[in-house]
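What follows is the content of upload.txt (compact mmCIF, C-alpha atoms).
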```
# COMPACT_ATOMS: atom_id res chain seq x y z
CA MET A 1 131.03 220.01 41.97
CA ALA A 2 132.76 217.07 40.36
CA LYS A 3 136.55 217.06 40.42
CA GLU A 4 138.24 216.78 37.02
CA ILE A 5 141.40 214.97 36.00
CA ARG A 6 142.94 216.48 32.86
CA SER A 7 145.60 215.34 30.44
CA PRO A 8 148.74 217.48 30.71
CA LEU A 9 149.76 216.48 27.16
CA PRO A 10 148.39 215.80 23.71
CA GLY A 11 148.70 212.15 22.72
CA THR A 12 146.89 208.84 23.04
CA PHE A 13 145.20 207.90 26.32
CA TYR A 14 145.46 204.41 27.79
CA ARG A 15 143.52 203.10 30.77
CA ARG A 16 145.70 200.02 31.20
CA PRO A 17 149.43 199.66 31.99
CA ALA A 18 149.65 197.01 29.23
CA PRO A 19 147.13 195.49 26.80
CA ASP A 20 146.88 192.23 28.79
CA GLN A 21 146.48 193.87 32.17
CA PRO A 22 143.42 195.26 33.98
CA PRO A 23 142.70 199.01 33.99
CA PHE A 24 144.53 201.20 36.52
CA VAL A 25 141.12 202.12 37.94
CA GLU A 26 137.69 200.63 37.19
CA ASP A 27 134.73 202.86 36.31
CA GLY A 28 133.07 203.95 39.53
CA GLY A 29 136.24 203.22 41.54
CA SER A 30 137.99 205.37 44.12
CA VAL A 31 141.48 206.87 43.94
CA ALA A 32 143.99 208.22 46.44
CA ALA A 33 145.87 211.47 45.83
CA GLY A 34 148.82 210.73 43.55
CA GLN A 35 147.36 207.48 42.22
CA VAL A 36 147.92 206.72 38.52
CA ILE A 37 144.66 206.61 36.56
CA GLY A 38 146.07 206.17 33.04
CA LEU A 39 148.88 206.85 30.56
CA VAL A 40 149.30 209.35 27.75
CA GLU A 41 151.66 208.26 24.98
CA VAL A 42 153.57 210.81 22.96
CA MET A 43 157.10 211.02 21.46
CA LYS A 44 157.76 207.34 22.19
CA THR A 45 157.20 207.88 25.93
CA PHE A 46 154.34 207.00 28.27
CA HIS A 47 153.46 209.75 30.73
CA GLU A 48 151.59 208.71 33.89
CA VAL A 49 148.45 210.71 34.65
CA LYS A 50 147.85 210.97 38.39
CA ALA A 51 144.88 212.12 40.44
CA GLU A 52 145.97 215.28 42.25
CA GLU A 53 143.50 214.65 45.06
CA ALA A 54 141.54 211.71 46.41
CA GLY A 55 138.10 210.99 44.97
CA SER A 56 135.39 208.41 44.49
CA ASN A 57 132.97 207.28 41.78
CA LEU A 58 135.51 207.86 38.99
CA ARG A 59 133.83 208.38 35.60
CA PHE A 60 136.01 208.28 32.50
CA ARG A 61 135.20 210.85 29.80
CA VAL A 62 137.67 209.43 27.26
CA GLU A 63 137.83 205.90 25.83
CA ASN A 64 140.89 203.68 26.01
CA GLU A 65 143.31 204.44 23.10
CA GLU A 66 141.46 207.65 22.19
CA PRO A 67 143.48 210.69 20.99
CA VAL A 68 143.44 213.53 23.52
CA MET A 69 144.43 217.20 23.49
CA ALA A 70 146.37 218.90 26.29
CA GLY A 71 143.87 219.95 28.95
CA ALA A 72 141.24 217.39 27.88
CA VAL A 73 139.12 216.12 30.78
CA LEU A 74 139.99 212.42 31.10
CA ALA A 75 137.78 211.63 34.07
CA GLU A 76 135.53 213.16 36.68
CA MET A 77 135.03 212.05 40.27
CA ASP A 78 133.28 213.10 43.46
CA MET B 1 171.87 235.16 38.31
CA ALA B 2 170.12 231.87 37.75
CA ILE B 3 166.87 230.01 37.30
CA ASP B 4 165.91 227.09 39.50
CA VAL B 5 163.99 224.27 37.87
CA ILE B 6 161.06 223.35 40.13
CA LYS B 7 159.31 221.08 37.58
CA PRO B 8 161.00 220.19 34.30
CA GLY B 9 157.96 219.71 32.04
CA LEU B 10 158.05 216.83 29.56
CA LEU B 11 161.37 217.09 27.70
CA THR B 12 162.38 220.71 28.14
CA THR B 13 165.78 221.35 26.60
CA ILE B 14 168.21 224.25 26.35
CA GLN B 15 168.45 225.29 22.70
CA ASP B 16 170.14 228.03 20.74
CA LEU B 17 170.45 228.13 16.95
CA GLY B 18 172.54 224.95 16.92
CA ARG B 19 176.01 223.72 15.96
CA PRO B 20 176.30 223.56 12.17
CA GLY B 21 179.50 222.12 10.72
CA TYR B 22 179.65 218.62 12.21
CA PHE B 23 176.93 216.75 10.30
CA HIS B 24 179.60 214.95 8.26
CA LEU B 25 180.75 213.44 11.56
CA GLY B 26 177.20 212.39 12.43
CA ILE B 27 176.54 215.29 14.80
CA PRO B 28 173.43 217.20 13.69
CA MET B 29 173.15 220.96 13.93
CA GLY B 30 170.31 220.66 16.46
CA GLY B 31 169.02 223.93 17.87
CA ALA B 32 165.48 225.26 18.19
CA MET B 33 162.94 223.38 16.05
CA ASP B 34 161.07 226.68 15.53
CA ARG B 35 164.02 228.95 14.87
CA LEU B 36 161.96 232.06 14.19
CA ALA B 37 160.21 231.71 17.56
CA LEU B 38 163.52 231.46 19.46
CA ARG B 39 164.96 234.44 17.56
CA ALA B 40 161.87 236.52 18.38
CA ALA B 41 161.94 235.50 22.06
CA ASN B 42 165.58 236.56 22.33
CA LEU B 43 164.95 239.93 20.65
CA LEU B 44 162.08 240.59 23.08
CA VAL B 45 164.42 240.30 26.07
CA GLY B 46 167.32 242.20 24.52
CA ASN B 47 169.48 239.15 23.74
CA PRO B 48 171.35 238.32 20.55
CA GLU B 49 169.06 236.17 18.38
CA ASP B 50 171.28 233.13 18.88
CA ALA B 51 171.31 233.18 22.69
CA ALA B 52 170.27 229.97 24.44
CA GLY B 53 166.73 229.65 25.80
CA LEU B 54 164.42 226.79 26.76
CA GLU B 55 162.40 224.73 24.31
CA ALA B 56 159.37 223.22 26.05
CA VAL B 57 157.32 220.64 24.18
CA PHE B 58 153.56 220.13 24.84
CA MET B 59 153.80 221.20 28.50
CA GLY B 60 155.74 223.91 30.25
CA PRO B 61 158.26 223.70 33.10
CA GLU B 62 157.95 225.55 36.39
CA LEU B 63 160.87 227.89 37.05
CA GLU B 64 161.90 230.12 39.94
CA PHE B 65 164.08 233.18 39.41
CA THR B 66 166.94 233.98 41.80
CA THR B 67 167.34 237.41 40.18
CA ASP B 68 165.28 240.15 38.54
CA ALA B 69 165.04 239.47 34.79
CA THR B 70 162.94 239.92 31.69
CA VAL B 71 161.41 236.83 30.05
CA ALA B 72 159.50 236.21 26.84
CA VAL B 73 157.61 233.12 25.69
CA THR B 74 157.00 232.59 21.98
CA GLY B 75 156.06 229.74 19.64
CA ALA B 76 153.19 227.54 20.82
CA ASP B 77 150.11 229.09 22.42
CA LEU B 78 150.94 227.89 25.93
CA PRO B 79 149.44 230.14 28.63
CA VAL B 80 152.22 231.89 30.59
CA LEU B 81 151.69 232.20 34.34
CA LEU B 82 153.76 234.42 36.62
CA ASP B 83 152.97 233.48 40.24
CA GLY B 84 149.74 232.06 38.81
CA GLU B 85 148.73 235.25 36.94
CA GLU B 86 148.38 234.88 33.17
CA GLN B 87 150.79 236.98 31.10
CA PRO B 88 150.81 237.75 27.37
CA GLY B 89 152.76 235.53 24.98
CA TRP B 90 155.23 236.98 22.44
CA SER B 91 155.89 239.84 24.89
CA ALA B 92 158.62 241.02 27.26
CA ILE B 93 157.57 240.28 30.85
CA PRO B 94 159.44 241.71 33.86
CA VAL B 95 160.11 239.13 36.58
CA ARG B 96 161.31 239.78 40.14
CA ALA B 97 163.69 237.57 42.07
CA GLY B 98 161.69 234.87 43.85
CA GLN B 99 158.82 234.82 41.37
CA ARG B 100 157.72 231.60 39.67
CA LEU B 101 157.10 231.17 35.97
CA GLY B 102 154.64 228.38 35.14
CA PHE B 103 152.37 227.37 32.30
CA GLY B 104 148.76 226.32 31.68
CA TYR B 105 147.45 223.73 29.22
CA LEU B 106 148.65 223.94 25.63
CA ARG B 107 146.09 225.67 23.38
CA ALA B 108 147.80 225.42 19.98
CA GLY B 109 151.17 224.55 18.47
CA ALA B 110 153.66 222.21 20.11
CA ARG B 111 156.83 224.01 21.26
CA ALA B 112 157.17 227.12 23.39
CA TYR B 113 160.43 229.06 23.63
CA VAL B 114 161.41 230.77 26.86
CA ALA B 115 164.07 233.45 26.54
CA VAL B 116 165.53 235.18 29.60
CA SER B 117 167.50 238.42 29.55
CA GLY B 118 171.20 237.50 29.52
CA GLY B 119 170.47 234.09 27.99
CA ILE B 120 171.11 230.72 29.60
CA ALA B 121 174.84 230.41 30.18
CA THR B 122 175.52 226.69 30.45
CA PRO B 123 178.89 225.68 28.91
CA PRO B 124 178.86 225.50 25.10
CA HIS B 125 179.93 222.29 23.38
CA LEU B 126 181.26 222.44 19.80
CA GLY B 127 180.19 226.07 19.65
CA SER B 128 176.63 225.68 20.89
CA ARG B 129 174.60 225.27 24.08
CA SER B 130 171.92 223.25 22.26
CA THR B 131 171.00 219.99 23.92
CA TYR B 132 171.56 216.95 21.70
CA ALA B 133 170.33 214.30 24.11
CA ILE B 134 171.08 211.29 21.88
CA GLY B 135 174.74 212.34 21.75
CA ALA B 136 174.80 213.71 25.34
CA LEU B 137 176.04 217.09 24.06
CA GLY B 138 175.21 220.60 25.30
CA GLY B 139 172.39 221.56 27.66
CA VAL B 140 172.77 220.44 31.27
CA GLN B 141 175.21 217.51 31.12
CA GLY B 142 173.87 216.65 27.68
CA ARG B 143 170.30 216.06 28.83
CA ALA B 144 166.89 217.71 29.22
CA ILE B 145 166.50 219.90 32.30
CA ALA B 146 165.49 218.17 35.54
CA ALA B 147 163.94 219.28 38.84
CA GLY B 148 166.67 220.74 41.06
CA ASP B 149 168.82 222.03 38.19
CA ARG B 150 170.09 225.59 38.57
CA LEU B 151 170.44 227.21 35.13
CA PRO B 152 173.03 230.02 35.09
CA LEU B 153 172.19 233.27 33.29
CA GLY B 154 174.56 235.57 31.43
CA PRO B 155 174.67 239.32 32.06
CA GLY B 156 171.65 241.05 30.52
CA ASN B 157 170.82 244.74 30.50
CA ALA B 158 169.20 245.60 27.18
CA ALA B 159 165.68 244.34 27.94
CA ARG B 160 162.71 246.72 27.57
CA PRO B 161 159.59 245.31 29.27
CA GLY B 162 156.39 245.95 27.32
CA LEU B 163 157.78 245.03 23.88
CA THR B 164 155.51 242.71 21.93
CA VAL B 165 155.59 240.95 18.55
CA PRO B 166 152.53 242.12 16.54
CA GLU B 167 150.01 239.29 16.11
CA ALA B 168 150.24 239.42 12.31
CA LEU B 169 153.91 238.40 12.56
CA ARG B 170 153.32 235.29 14.71
CA ARG B 171 152.80 232.03 12.87
CA LEU B 172 151.34 228.66 13.89
CA PRO B 173 150.29 225.86 11.55
CA ALA B 174 146.77 225.85 10.10
CA SER B 175 144.72 222.63 10.19
CA PRO B 176 145.26 220.85 7.91
CA CYS B 177 148.85 222.05 7.81
CA GLU B 178 150.43 222.30 4.38
CA LEU B 179 154.09 221.32 4.05
CA ARG B 180 155.83 222.17 0.79
CA VAL B 181 158.07 219.46 -0.64
CA LEU B 182 160.73 219.48 -3.32
CA PRO B 183 160.93 215.98 -4.89
CA GLY B 184 164.40 214.52 -4.53
CA LEU B 185 167.01 212.27 -6.07
CA TYR B 186 164.98 209.08 -5.58
CA TRP B 187 161.62 210.42 -6.82
CA HIS B 188 161.84 208.05 -9.81
CA ARG B 189 161.82 205.04 -7.49
CA ILE B 190 158.03 205.22 -6.96
CA THR B 191 155.32 204.82 -9.58
CA GLY B 192 153.46 207.77 -11.12
CA ASP B 193 150.32 206.71 -9.22
CA SER B 194 152.22 206.82 -5.92
CA GLN B 195 153.80 210.18 -6.80
CA ARG B 196 150.29 211.60 -7.16
CA ALA B 197 148.86 209.76 -4.14
CA PHE B 198 151.55 211.11 -1.84
CA PHE B 199 150.43 214.67 -2.51
CA GLU B 200 146.69 213.88 -2.72
CA ASP B 201 146.34 212.01 0.55
CA GLU B 202 145.75 213.50 3.97
CA TRP B 203 148.36 212.38 6.50
CA LYS B 204 148.27 212.63 10.28
CA VAL B 205 151.13 213.35 12.66
CA ALA B 206 151.99 210.09 14.44
CA LEU B 207 152.92 209.77 18.12
CA GLU B 208 156.52 209.09 17.06
CA ALA B 209 157.35 212.73 16.45
CA ASP B 210 160.33 214.28 18.18
CA ARG B 211 163.42 216.43 17.61
CA MET B 212 164.98 213.76 15.40
CA GLY B 213 162.05 213.33 13.07
CA TYR B 214 158.32 213.53 12.57
CA ARG B 215 156.43 210.43 11.41
CA PHE B 216 153.17 210.62 9.49
CA ARG B 217 150.45 208.02 8.90
CA GLY B 218 147.22 207.61 7.04
CA GLY B 219 148.11 207.96 3.35
CA ARG B 220 148.21 205.14 0.82
CA PRO B 221 151.38 202.95 0.86
CA LEU B 222 153.85 203.80 -1.89
CA GLU B 223 154.45 201.42 -4.80
CA PHE B 224 157.99 201.12 -6.04
CA VAL B 225 159.18 200.77 -9.61
CA PRO B 226 160.58 197.21 -9.70
CA ARG B 227 164.34 196.89 -9.90
CA ARG B 228 167.17 194.57 -8.94
CA GLN B 229 168.51 196.12 -5.71
CA PRO B 230 171.99 197.59 -6.29
CA PHE B 231 175.12 196.40 -4.47
CA GLY B 232 175.10 197.56 -0.85
CA ALA B 233 171.36 198.22 -0.66
CA GLY B 234 169.06 196.23 1.60
CA SER B 235 166.45 193.90 0.13
CA ASP B 236 163.36 196.06 0.77
CA PRO B 237 162.40 198.21 -2.24
CA SER B 238 162.56 201.30 0.02
CA ASN B 239 166.26 200.59 0.63
CA ILE B 240 169.09 202.31 -1.23
CA THR B 241 172.84 202.08 -1.05
CA ASP B 242 173.63 204.27 1.98
CA ALA B 243 173.42 208.00 1.30
CA CYS B 244 173.45 211.31 3.14
CA TYR B 245 170.16 212.50 4.68
CA PRO B 246 169.47 216.25 4.43
CA TYR B 247 167.48 218.10 7.12
CA GLY B 248 163.85 217.96 6.06
CA SER B 249 164.36 214.87 3.90
CA ILE B 250 161.40 212.48 3.84
CA GLN B 251 162.25 208.80 4.12
CA VAL B 252 159.51 206.22 3.80
CA PRO B 253 160.67 202.89 5.29
CA GLY B 254 158.77 200.04 3.66
CA GLY B 255 156.84 202.64 1.66
CA THR B 256 154.25 203.11 4.41
CA GLU B 257 154.93 205.91 6.91
CA PRO B 258 156.88 209.01 5.82
CA ILE B 259 159.39 210.39 8.34
CA VAL B 260 160.61 213.98 7.98
CA LEU B 261 164.03 214.38 9.57
CA HIS B 262 164.33 217.47 11.79
CA ARG B 263 167.05 219.30 13.75
CA ASP B 264 168.47 216.27 15.60
CA ALA B 265 168.49 214.20 12.39
CA VAL B 266 170.61 211.14 11.77
CA SER B 267 173.10 212.08 9.04
CA GLY B 268 172.76 209.16 6.68
CA GLY B 269 171.46 205.68 6.04
CA GLY B 270 169.86 203.28 3.63
CA TYR B 271 166.29 204.49 3.09
CA PHE B 272 165.23 206.23 -0.11
CA MET B 273 163.99 209.80 0.26
CA ILE B 274 160.94 210.88 -1.67
CA GLY B 275 161.94 214.54 -1.37
CA THR B 276 162.66 217.29 1.14
CA VAL B 277 160.41 219.66 3.08
CA ILE B 278 161.55 223.16 2.11
CA SER B 279 163.52 225.16 4.68
CA ALA B 280 160.73 227.76 4.99
CA ASP B 281 158.33 225.14 6.41
CA MET B 282 160.68 223.42 8.89
CA ASP B 283 159.66 225.74 11.76
CA LEU B 284 156.00 224.78 11.18
CA ILE B 285 156.78 221.08 11.69
CA GLY B 286 158.17 221.92 15.11
CA GLN B 287 154.71 223.27 16.01
CA LEU B 288 152.73 220.17 14.95
CA GLN B 289 150.88 218.14 17.58
CA PRO B 290 150.19 214.41 17.27
CA HIS B 291 147.04 213.53 15.27
CA MET B 292 147.13 216.85 13.36
CA PRO B 293 146.16 216.52 9.67
CA VAL B 294 148.88 217.39 7.17
CA ARG B 295 149.05 217.63 3.40
CA PHE B 296 152.25 217.69 1.39
CA ARG B 297 152.34 220.03 -1.61
CA GLN B 298 154.83 219.67 -4.45
CA VAL B 299 156.93 222.73 -5.28
CA GLY B 300 159.89 223.45 -7.54
CA MET B 301 163.20 225.08 -6.63
CA GLU B 302 162.02 228.58 -7.64
CA GLU B 303 159.05 228.43 -5.29
CA ALA B 304 161.16 226.94 -2.50
CA LEU B 305 163.68 229.78 -2.78
CA ALA B 306 160.91 232.40 -2.94
CA ALA B 307 159.41 230.91 0.24
CA ARG B 308 162.81 231.13 1.90
CA ARG B 309 163.03 234.83 0.98
CA GLU B 310 159.51 235.41 2.38
CA ARG B 311 160.53 233.75 5.61
CA ALA B 312 163.62 235.96 5.86
CA ALA B 313 161.43 239.02 5.17
CA LEU B 314 159.06 238.00 7.98
CA MET B 315 162.01 237.80 10.38
CA ALA B 316 163.17 241.22 9.17
CA ARG B 317 159.72 242.64 9.97
CA ILE B 318 159.91 241.17 13.48
CA ARG B 319 163.36 242.75 13.94
CA ALA B 320 162.00 246.11 12.76
CA ALA B 321 158.97 245.87 15.08
CA LEU B 322 161.24 245.22 18.07
CA ALA B 323 164.03 247.65 17.18
```

Entire entry expressed as C-alpha cells:
Amino acid sequence: MAKEIRSPLPGTFYRRPAPDQPPFVEDGGSVAAGQVIGLVEVMKTFHEVKAEEAGSNLRFRVENEEPVMAGAVLAEMD
Amino acid sequence: MAIDVIKPGLLTTIQDLGRPGYFHLGIPMGGAMDRLALRAANLLVGNPEDAAGLEAVFMGPELEFTTDATVAVTGADLPVLLDGEEQPGWSAIPVRAGQRLGFGYLRAGARAYVAVSGGIATPPHLGSRSTYAIGALGGVQGRAIAAGDRLPLGPGNAARPGLTVPEALRRLPASPCELRVLPGLYWHRITGDSQRAFFEDEWKVALEADRMGYRFRGGRPLEFVPRRQPFGAGSDPSNITDACYPYGSIQVPGGTEPIVLHRDAVSGGGYFMIGTVISADMDLIGQLQPHMPVRFRQVGMEEALAARRERAALMARIRAALA
C-alpha cells in the first residue's frame, strides 16, 4: 500500500521554498525520513511538512499554492 | 501536579478569560478567542469558568500528565487521543499519571480548548494568565508553549468524569458563516453602493488570521465618498485621524481587505472602521479556518443586544446541564 503524507494544518500548500527556487522534491523523486516535501502557510507562518518515513516515487496529490484542509493527503509514495 | 509538553502544536497558548482594564494603555484583554468553549471546558473538569487552559489552533499539542487529573477538550472538532485511543469531545475524561494526551487531524472549527482539573497555574500577569505573545505577557514567559515546558497545575478536586455538554449546546460556524455587523461611526465614509456591496458579497477568510485579527478577501473594493483628508489623517481615503479601535471593529485598509480585530487587538490607529462584529459572534470568528466563506449581515443595536442575551442564555443552559 502506498504511504501517505498529510498536511497537519489547514492553509495553502507550497512545493517550493521560494517562488524562484526549484521544488523541495520532484514528482517521482525519493525522500528520506524527516525530509521536507513542502510548506503550509497559515497565520503568517510557513510550516514545514516532512516525510515521516523514507519513500520513493513521490506523487503529489495537491497542486502548488492550492488550499488544503488539515489531514489532506499531499502526496503518496511507495 | 503538572503537565509536560512533549510536542507544542502550532501556536498553543495558555488562555483564561483575559485581562480587561488595560486597553487604554495599549494592552488588550486577550483571553480565549472562543470564550464559551473555554468556560464549558472548565465547568466539565470542575474548575471556575475563568481558570486557565490551553488554546490550540489548527493542530493539537502532545501532553504527558505527571499526576492523575480530569481533562476536557471543547471548541473545534479536533479528535482527542488518550494514549492513542479516541475520546469524546466536550466531555470530562479521567487521565492517569503517565498517560499522554494527543490529537488527530482537525475536522471542523479552528481552536480547541483543553481544560485540566485544577487549572494551569503559571504566574498571572496584570490579573490574568492569558498569553499575549506580542507583549510578552502571561503564559510561559510570555510565549506559546514549547516542547520541554512543564506546566504547573493548581489543586483540583471537584471533577466528575462522565459529564458531557449536550450536542445541541455546542456551536461551530456554518459554511458560509454569517457574522452580524453593527455599522459604525465611519459608515458614512463609503458610498451607498459600497455599503450594499459589503453585505452582498461573499468573503473568504485569508491566511492572515490570528489572535490579533482576522483578514477577509474576495469582496468588491470599497469606494469612498470624496473628501479633503482632515488634519492628522493619512492621505489614503481609508485613513482617519487616529481613533480607538473596539474589539470586533472592522478596518479596511485601502478599502480592499476587511480586518476584524479580535482578542489581542491593537488599541487604536488611523484606519476607518466600517462597523463592528457584534459580541455574540466573536466566538464564532475564533473557530474560522482559512479559505472559509463568510457573509456579513447588517444588524441594529436592538438585534445585537438580543443576540448577546441569547448567547448568555446558551451559557446558562450549559451551566445547568453540568450542574

What's the 9 Å shell around Leu74 of chain A, counting only C-alpha atoms, without same-chain residues fewer than 5 positions away, as a PDB file with C-alpha atoms, keeping the file's coordinate frame?
```pdb
ATOM      1  CA  GLU A   4     138.240 216.780  37.020  1.00  0.00           C
ATOM      2  CA  ILE A   5     141.400 214.970  36.000  1.00  0.00           C
ATOM      3  CA  ARG A   6     142.940 216.480  32.860  1.00  0.00           C
ATOM      4  CA  SER A   7     145.600 215.340  30.440  1.00  0.00           C
ATOM      5  CA  PHE A  13     145.200 207.900  26.320  1.00  0.00           C
ATOM      6  CA  GLY A  38     146.070 206.170  33.040  1.00  0.00           C
ATOM      7  CA  ARG A  59     133.830 208.380  35.600  1.00  0.00           C
ATOM      8  CA  PHE A  60     136.010 208.280  32.500  1.00  0.00           C
ATOM      9  CA  ARG A  61     135.200 210.850  29.800  1.00  0.00           C
ATOM     10  CA  VAL A  62     137.670 209.430  27.260  1.00  0.00           C
ATOM     11  CA  GLU A  63     137.830 205.900  25.830  1.00  0.00           C
ATOM     12  CA  VAL A  68     143.440 213.530  23.520  1.00  0.00           C
TER      13      VAL A  68
END
```

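Interatomic distance, atom CA of Gln287 of chain B to atom CA of Leu82 of chain B: 23.5 Å.
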
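Using all atoms listed in the file, we find that the part of chain B lying within 9 Å of chain A comprises B:Leu10, B:Phe58, B:Met59, B:Gly104, B:Tyr105, B:Leu106, B:Arg107, B:Ala206, B:Leu207, B:Glu208, B:Ala209, B:Asp210, B:Gln289, B:Pro290, B:His291.
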
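Taking atom CA of Val95 of chain B and atom CA of Val57 of chain B as endpoints, the distance between them is 22.4 Å.
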
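The interatomic distance for the pair atom CA of Ala197 of chain B and atom CA of Arg311 of chain B works out to 28.4 Å.
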
ask   = Please, which residues are within 8 Å of (139.5, 203.6, 36.7) by the file's coordinates, counting all atoms listed in the file, and could they come as a ChimeraX atom specification?
value = /A:15,23-30,37-38,58-60

Can you pull out every residue within 10 Å of Val266 of chain B, counting only C-alpha atoms, but drop anything in the same chain fewer than 6 positions away, and send it as a PDB file with C-alpha atoms, in the frame of the given file?
```
ATOM      1  CA  PHE B  23     176.930 216.750  10.300  1.00  0.00           C
ATOM      2  CA  GLY B  26     177.200 212.390  12.430  1.00  0.00           C
ATOM      3  CA  ILE B  27     176.540 215.290  14.800  1.00  0.00           C
ATOM      4  CA  PRO B  28     173.430 217.200  13.690  1.00  0.00           C
ATOM      5  CA  MET B 212     164.980 213.760  15.400  1.00  0.00           C
ATOM      6  CA  GLY B 213     162.050 213.330  13.070  1.00  0.00           C
ATOM      7  CA  CYS B 244     173.450 211.310   3.140  1.00  0.00           C
ATOM      8  CA  TYR B 245     170.160 212.500   4.680  1.00  0.00           C
ATOM      9  CA  PRO B 246     169.470 216.250   4.430  1.00  0.00           C
ATOM     10  CA  TYR B 247     167.480 218.100   7.120  1.00  0.00           C
TER      11      TYR B 247
END
```

inquiry  = List as a list in words the protein and nucleic acid residues near Ala33 of chain A, meaning an atom at most 8 Å away when only C-alpha atoms are counted, but skip any in the same chain fewer than 4 places from it.
reply    = Lys50, Ala51, Glu52, Glu53, Ala54 and Gly55 of chain A

message = Measuring between all atoms listed in the file, which one of B:Ser175, B:Ser194, B:Thr122, B:Thr256 shows the shortest distance to Phe224 of chain B?
response = B:Ser194

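Using only C-alpha atoms for every distance, the candidate list B:Val225, B:Leu322, B:Leu179, B:Thr241 yields B:Leu322 as the residue closest to Ala41 of chain B.
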
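In this comparison, which uses all atoms listed in the file, the residue of B:Pro166, B:Gly84, B:Gly254, B:Gly53 approaching Gln99 of chain B most closely is B:Gly84.
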
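Taking only C-alpha atoms into account, Arg220 of chain B lies nearest to B:Glu202 out of the set B:Ser117, B:Pro123, B:Gly234, B:Glu202.
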
request  = Can you pull out every residue within 12 Å of Pro258 of chain B, counting only C-alpha atoms, but drop anything in the same chain fewer than 4 positions away, and send it as a ChimeraX atom specification?
outcome  = /B:198-199,203-206,208-209,213-222,238,248-254,271-277,294-296

N, CA and C atoms restored at segment 40-52 of chain A, emitted as a compact mmCIF listing (two decimals), in the coordinates of the input:
```txt
# COMPACT_ATOMS: atom_id res chain seq x y z
N VAL A 40 149.40 208.65 29.03
CA VAL A 40 149.30 209.35 27.75
C VAL A 40 150.61 209.10 27.00
N GLU A 41 150.47 208.56 25.78
CA GLU A 41 151.66 208.26 24.98
C GLU A 41 151.91 209.39 24.00
N VAL A 42 153.14 209.87 23.98
CA VAL A 42 153.57 210.81 22.96
C VAL A 42 155.09 210.77 22.87
N MET A 43 155.64 211.01 21.68
CA MET A 43 157.10 211.02 21.46
C MET A 43 157.78 209.76 22.02
N LYS A 44 157.17 208.62 21.79
CA LYS A 44 157.76 207.34 22.19
C LYS A 44 157.89 207.19 23.71
N THR A 45 157.16 208.04 24.48
CA THR A 45 157.20 207.88 25.93
C THR A 45 155.76 207.79 26.46
N PHE A 46 155.64 207.13 27.60
CA PHE A 46 154.34 207.00 28.27
C PHE A 46 154.39 207.84 29.53
N HIS A 47 153.49 208.83 29.61
CA HIS A 47 153.46 209.75 30.73
C HIS A 47 152.32 209.34 31.65
N GLU A 48 152.64 209.11 32.93
CA GLU A 48 151.59 208.71 33.89
C GLU A 48 150.71 209.91 34.23
N VAL A 49 149.40 209.68 34.20
CA VAL A 49 148.45 210.71 34.65
C VAL A 49 147.99 210.32 36.05
N LYS A 50 148.18 211.26 36.99
CA LYS A 50 147.85 210.97 38.39
C LYS A 50 146.70 211.84 38.86
N ALA A 51 145.91 211.32 39.77
CA ALA A 51 144.88 212.12 40.44
C ALA A 51 145.59 213.04 41.42
N GLU A 52 145.30 214.35 41.34
CA GLU A 52 145.97 215.28 42.25
C GLU A 52 145.40 215.22 43.65
```
